[in-house]
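**Q** Okay, handing you the structure first.
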Amino acid sequence: MSIDTNTIVAPKGLTALANPTRFLALVKMLVPWLAVITVVLFGIGLWMGFSVADDYQQGRTVRIMFVHVPAVWLAMGAYMTMVSGALGVLVWRHPLADVAARAAAPLGAGFTFLGLVTGSIWGRPMWGTWWVWDARLTSFLVLLIIYLGLMALWNSIEEPAKSARMAAVVVLVGAINIPIIKFSVEWFTTLHQSASVTRLGAPTMSAEFLYPLLIMGLAFLFLFLTLHLMAMRNEILRRQIRSLQRRAAREVLK
Amino acid sequence: MIALLKRDIRLALRSGGGAATALLFYLAVVVAMPFAVGPNQELLSTIGGATLWIGALLAGLLGLERLFQADFDDGSLDQMMMSPVPLAGQVFVKCAAHWLVTGLPLTLVVPVFGIFLGMDSITIQAAMATLLVGTPAISFIGALGAAVTVSLPRGGLLLSVLVLPLCIPILIFGVGAIRAAVTEPDPFLPPFLLVSAISLFFAVLGPLAAAFALRQGMD
Amino acid sequence: MSEIFGTKYFGFIASSFAVTFAVLALMVIWVLMTYSKRKRELARLENAGLKRASSKTGASKS
């Protein structure tokens with residue numbers, strides 16, 4: 001029997017998670033807690049959001065901000081997760097890096113879609129239009145297309161190592177879009193309002209709107225963390241199924 | 001490397017190559033637009049710059065599929081990878097060949113097409129300038145997409161899906177620059193310089209990433 | 001809370017929250033359903049005599 005290195009020297013940090021079985025065990029333990037935290041955060045956030053007063057400038061529709069902004073934050077956060085995964089594939093060759101990146105893509109696409117739709121709905125009463133081709137909205141739409149392209153790319157290459165590295169390169173090149181989204185409201189005069197939360201210096205939003213927004217942001221974040229871990233687990237299962245199917249095919253041919 | 005450049009150009013200019021196709025496609029787009037939009041001269045000249053840019057983008061995409069395809073098919077891709085010349089350099093040369101055969105001709109026919117679209121001389125000059133510095137970016141970004149999809153069936157579709165999002169900033173700035181050249185208060189230089197910057201940036205990143213993807217694809 | 005209803009913006013607020021709930025719920029459902037589908041498939045394959053570890057495989061099934 002080969003020496004089980006896990007019992008002799010437990011590897012630390014991310015290397016410890018490289019073993020899929022350990023990772024799955026970790027996921028099984030974490031997911032229920034993360035799910036509970038998510039639900040609680042959503043509860044608090046929604047309650048705070050609905051009990052807040054009306055903004056003098058934007059009226060009642062300001063409440064849409066409490067879902068639109070977190071969706072956008074997570075849309076970009078999911079892409080940054082893919083970027084870490086891509087670096088993990090190319091630089092550190094971590095075995096689960098590609099799993100992490102692949103799992104994040106559909107979730108990120110969902111958040112991007114949600115951000116686009118809520119933004120459009122919010123835009124109608126605010127500025128009288130469902131859509132405008134300004135820099136920020138366009139680059140956010142581009143983000144969605146990049147997500148879909150990446151998902152198509154991952155699905156079209158069979159061999160896991162190859163698809164991991166190809167996709168990693170595209171993820172990194174496409175990452176240039178993220179700063180464009182973030183800073184486009186500074187560089188161009190656009191219809192979209194400029195940053196009031198994530199800026200150098202204190203946020204300019206008043207506390208009664210800031211706190212519900214931050215809580216909702218955390219709620220979305222924990223939702224993403226929960227779903228991401230579960231999606232990584234799904235991806236690991238998929239690979240196990242594939243290798244079993246290949247083994248079965250070889251058995252039949254013997 | 002010069003030999004590679006000459007060979008690629010010769011290949012593209014031959015009847016099976018993409019040069020004539022790209023130009024004809026460009027012509028088709030430019031001619032179709034006035035028919036679709038109608039005889040409103042003012043409207044036509046407004047969207048003239050955009051039409052030229054969209055046509056250039058699509059025509060460039062057409063040629064990109066072929067960028068590595070022939071080399072992949074006849075095995076010369078493997079030879080390129082084993083040569084002492086760095087692969088990124090060879091990719092750069094192929095991009096240059098692609099641009100000389102696709103982007104440059106498209107830029108040069110702008111005065112003629114501009115007349116079709118009812119553009120005045122300032123707009124035409126602005127269009128030529130932005131296309132001149134912007135079409136190389138299409139070749140360089142496209143190289144990465146072509147490298148990733150070279151061995152895939154129906155790769156051309158995926159190629160477009162991957163390359164188009166990355167080219168949209170160029171499109172925005174390029175058309176913005178053309179518009180700015182005509183509209184008085186908007187400055188022409190910033191968007192124009194941005195397009196040039198994007199081209200330079202991808203002149204480096206494109207071939208490097210494409211070379212990497214090509215090596216990955218060959219394993 | 002009652003001030004939300006009956007304003008001309010109610011439709012917009014309601015639809016954005018509704019679409020948010022729908023999209024997020026769909027994401028959760030998708031992840032959960034994929035999980036159970038894969039679990040079932042793995043169990044089926046393992047019952048058919050295949051083992052994941054490097055222990056010897058059983059008699060081949062056709």
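Letters A, B, ... go to the chains of the structure tokens in the order shown; residues in each chain start at 1; ligands are counted from 1 in the same order.
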Residues at most 9 Å from B:Ile124, counting only C-alpha atoms, excluding those fewer than 5 positions away in the same chain, as a ChimeraX atom specification?
**A** /B:49,110-111,114-115,119,129,178
**Q** Please find the residues of chain B near chain A - the criterion being any atom within 12 Å, counting only C-alpha atoms - and write them as a VMD selection string.
**A** chain B and resid 140 to 173 176 186 190 to 191 194 198 201 to 202 204 to 219
**Q** Compile the residues of chain A that lie within 8 Å of chain C, evaluated using only C-alpha atoms, and express the compilation as JSON, numbers by chain.
**A** {"A": [50, 51, 60, 61, 63, 64, 67, 107, 110, 114, 117, 118, 121, 122, 125, 227, 230, 231, 233, 234, 237, 238, 240, 241, 244, 245, 248, 251, 252]}
**Q** Can you tell me which residues surround B:Gln41 at a distance of at most 12 Å, considering only C-alpha atoms, apart from same-chain residues fewer than 3 positions away, and format the answer as a PyMOL selection string?
**A** chain B and resi 34-35+37-38+44-48+115-120
**Q** Mind writing the picked residues with all heavy atoms as an mmCIF file, in the first residue's frame?
**A**
data_model
loop_
_atom_site.group_PDB
_atom_site.id
_atom_site.type_symbol
_atom_site.label_atom_id
_atom_site.label_comp_id
_atom_site.auth_asym_id
_atom_site.auth_seq_id
_atom_site.Cartn_x
_atom_site.Cartn_y
_atom_site.Cartn_z
ATOM 1 N N PRO B 34 -26.700 51.905 -47.404
ATOM 2 C CA PRO B 34 -27.559 52.976 -47.957
ATOM 3 C C PRO B 34 -28.905 52.453 -48.430
ATOM 4 O O PRO B 34 -29.916 53.145 -48.280
ATOM 5 C CB PRO B 34 -26.747 53.502 -49.140
ATOM 6 C CG PRO B 34 -25.354 53.124 -48.860
ATOM 7 C CD PRO B 34 -25.421 51.839 -48.099
ATOM 8 N N PHE B 35 -28.912 51.243 -48.980
ATOM 9 C CA PHE B 35 -30.187 50.692 -49.410
ATOM 10 C C PHE B 35 -31.114 50.481 -48.234
ATOM 11 O O PHE B 35 -32.310 50.726 -48.299
ATOM 12 C CB PHE B 35 -29.972 49.353 -50.136
ATOM 13 C CG PHE B 35 -29.530 49.527 -51.543
ATOM 14 C CD1 PHE B 35 -28.363 48.939 -51.996
ATOM 15 C CD2 PHE B 35 -30.272 50.299 -52.434
ATOM 16 C CE1 PHE B 35 -27.948 49.108 -53.303
ATOM 17 C CE2 PHE B 35 -29.859 50.474 -53.735
ATOM 18 C CZ PHE B 35 -28.685 49.884 -54.179
ATOM 19 N N VAL B 37 -30.936 51.929 -45.254
ATOM 20 C CA VAL B 37 -31.265 53.114 -44.471
ATOM 21 C C VAL B 37 -32.182 54.049 -45.243
ATOM 22 O O VAL B 37 -32.977 54.785 -44.672
ATOM 23 C CB VAL B 37 -29.953 53.837 -44.080
ATOM 24 C CG1 VAL B 37 -30.222 55.230 -43.583
ATOM 25 C CG2 VAL B 37 -29.225 53.018 -43.031
ATOM 26 N N GLY B 38 -32.059 54.026 -46.572
ATOM 27 C CA GLY B 38 -32.908 54.920 -47.337
ATOM 28 C C GLY B 38 -32.121 56.123 -47.804
ATOM 29 O O GLY B 38 -30.973 56.324 -47.434
ATOM 30 N N LEU B 44 -27.413 59.153 -43.503
ATOM 31 C CA LEU B 44 -26.375 58.297 -44.066
ATOM 32 C C LEU B 44 -24.988 58.767 -43.663
ATOM 33 O O LEU B 44 -24.129 57.987 -43.290
ATOM 34 C CB LEU B 44 -26.504 58.317 -45.591
ATOM 35 C CG LEU B 44 -26.069 57.057 -46.317
ATOM 36 C CD1 LEU B 44 -26.737 55.862 -45.711
ATOM 37 C CD2 LEU B 44 -26.451 57.188 -47.778
ATOM 38 N N SER B 45 -24.759 60.065 -43.768
ATOM 39 C CA SER B 45 -23.424 60.543 -43.439
ATOM 40 C C SER B 45 -23.152 60.429 -41.946
ATOM 41 O O SER B 45 -22.015 60.299 -41.534
ATOM 42 C CB SER B 45 -23.229 61.973 -43.904
ATOM 43 O OG SER B 45 -24.261 62.771 -43.398
ATOM 44 N N THR B 46 -24.211 60.428 -41.142
ATOM 45 C CA THR B 46 -24.004 60.269 -39.704
ATOM 46 C C THR B 46 -23.511 58.879 -39.376
ATOM 47 O O THR B 46 -22.600 58.699 -38.582
ATOM 48 C CB THR B 46 -25.315 60.515 -38.937
ATOM 49 O OG1 THR B 46 -25.951 61.661 -39.453
ATOM 50 C CG2 THR B 46 -25.044 60.667 -37.463
ATOM 51 N N ILE B 47 -24.139 57.894 -39.988
ATOM 52 C CA ILE B 47 -23.734 56.538 -39.637
ATOM 53 C C ILE B 47 -22.652 56.014 -40.566
ATOM 54 O O ILE B 47 -22.261 54.863 -40.482
ATOM 55 C CB ILE B 47 -24.929 55.563 -39.664
ATOM 56 C CG1 ILE B 47 -25.502 55.484 -41.070
ATOM 57 C CG2 ILE B 47 -25.971 55.976 -38.672
ATOM 58 C CD1 ILE B 47 -26.585 54.433 -41.172
ATOM 59 N N GLY B 48 -22.139 56.867 -41.451
ATOM 60 C CA GLY B 48 -21.105 56.417 -42.380
ATOM 61 C C GLY B 48 -19.895 55.860 -41.663
ATOM 62 O O GLY B 48 -19.398 54.774 -41.990
ATOM 63 N N ILE B 115 -17.639 58.094 -50.291
ATOM 64 C CA ILE B 115 -18.527 58.809 -51.202
ATOM 65 C C ILE B 115 -19.861 58.095 -51.313
ATOM 66 O O ILE B 115 -20.919 58.731 -51.350
ATOM 67 C CB ILE B 115 -17.863 58.948 -52.589
ATOM 68 C CG1 ILE B 115 -16.573 59.750 -52.458
ATOM 69 C CG2 ILE B 115 -18.808 59.604 -53.566
ATOM 70 C CD1 ILE B 115 -15.830 59.908 -53.736
ATOM 71 N N PHE B 116 -19.802 56.755 -51.355
ATOM 72 C CA PHE B 116 -21.050 55.989 -51.360
ATOM 73 C C PHE B 116 -21.921 56.386 -50.189
ATOM 74 O O PHE B 116 -23.138 56.439 -50.275
ATOM 75 C CB PHE B 116 -20.770 54.488 -51.223
ATOM 76 C CG PHE B 116 -20.316 53.847 -52.488
ATOM 77 C CD1 PHE B 116 -19.584 52.674 -52.452
ATOM 78 C CD2 PHE B 116 -20.616 54.399 -53.724
ATOM 79 C CE1 PHE B 116 -19.167 52.066 -53.611
ATOM 80 C CE2 PHE B 116 -20.192 53.800 -54.888
ATOM 81 C CZ PHE B 116 -19.468 52.629 -54.837
ATOM 82 N N LEU B 117 -21.245 56.613 -49.052
ATOM 83 C CA LEU B 117 -21.994 56.844 -47.833
ATOM 84 C C LEU B 117 -22.245 58.331 -47.588
ATOM 85 O O LEU B 117 -22.704 58.715 -46.524
ATOM 86 C CB LEU B 117 -21.228 56.243 -46.644
ATOM 87 C CG LEU B 117 -21.067 54.729 -46.711
ATOM 88 C CD1 LEU B 117 -20.107 54.248 -45.642
ATOM 89 C CD2 LEU B 117 -22.411 54.060 -46.526
ATOM 90 N N GLY B 118 -21.903 59.142 -48.545
ATOM 91 C CA GLY B 118 -22.214 60.559 -48.403
ATOM 92 C C GLY B 118 -21.427 61.259 -47.323
ATOM 93 O O GLY B 118 -21.920 62.185 -46.684
ATOM 94 N N MET B 119 -20.200 60.809 -47.092
ATOM 95 C CA MET B 119 -19.399 61.458 -46.051
ATOM 96 C C MET B 119 -18.587 62.598 -46.648
ATOM 97 O O MET B 119 -18.090 62.487 -47.769
ATOM 98 C CB MET B 119 -18.454 60.421 -45.429
ATOM 99 C CG MET B 119 -19.196 59.362 -44.631
ATOM 100 S SD MET B 119 -18.225 57.868 -44.372
ATOM 101 C CE MET B 119 -16.822 58.497 -43.520
ATOM 102 N N ASP B 120 -18.381 63.643 -45.866
ATOM 103 C CA ASP B 120 -17.569 64.751 -46.370
ATOM 104 C C ASP B 120 -16.091 64.461 -46.130
ATOM 105 O O ASP B 120 -15.730 63.503 -45.482
ATOM 106 C CB ASP B 120 -17.977 66.073 -45.724
ATOM 107 C CG ASP B 120 -17.751 66.066 -44.229
ATOM 108 O OD1 ASP B 120 -16.712 65.561 -43.761
ATOM 109 O OD2 ASP B 120 -18.631 66.561 -43.526
#
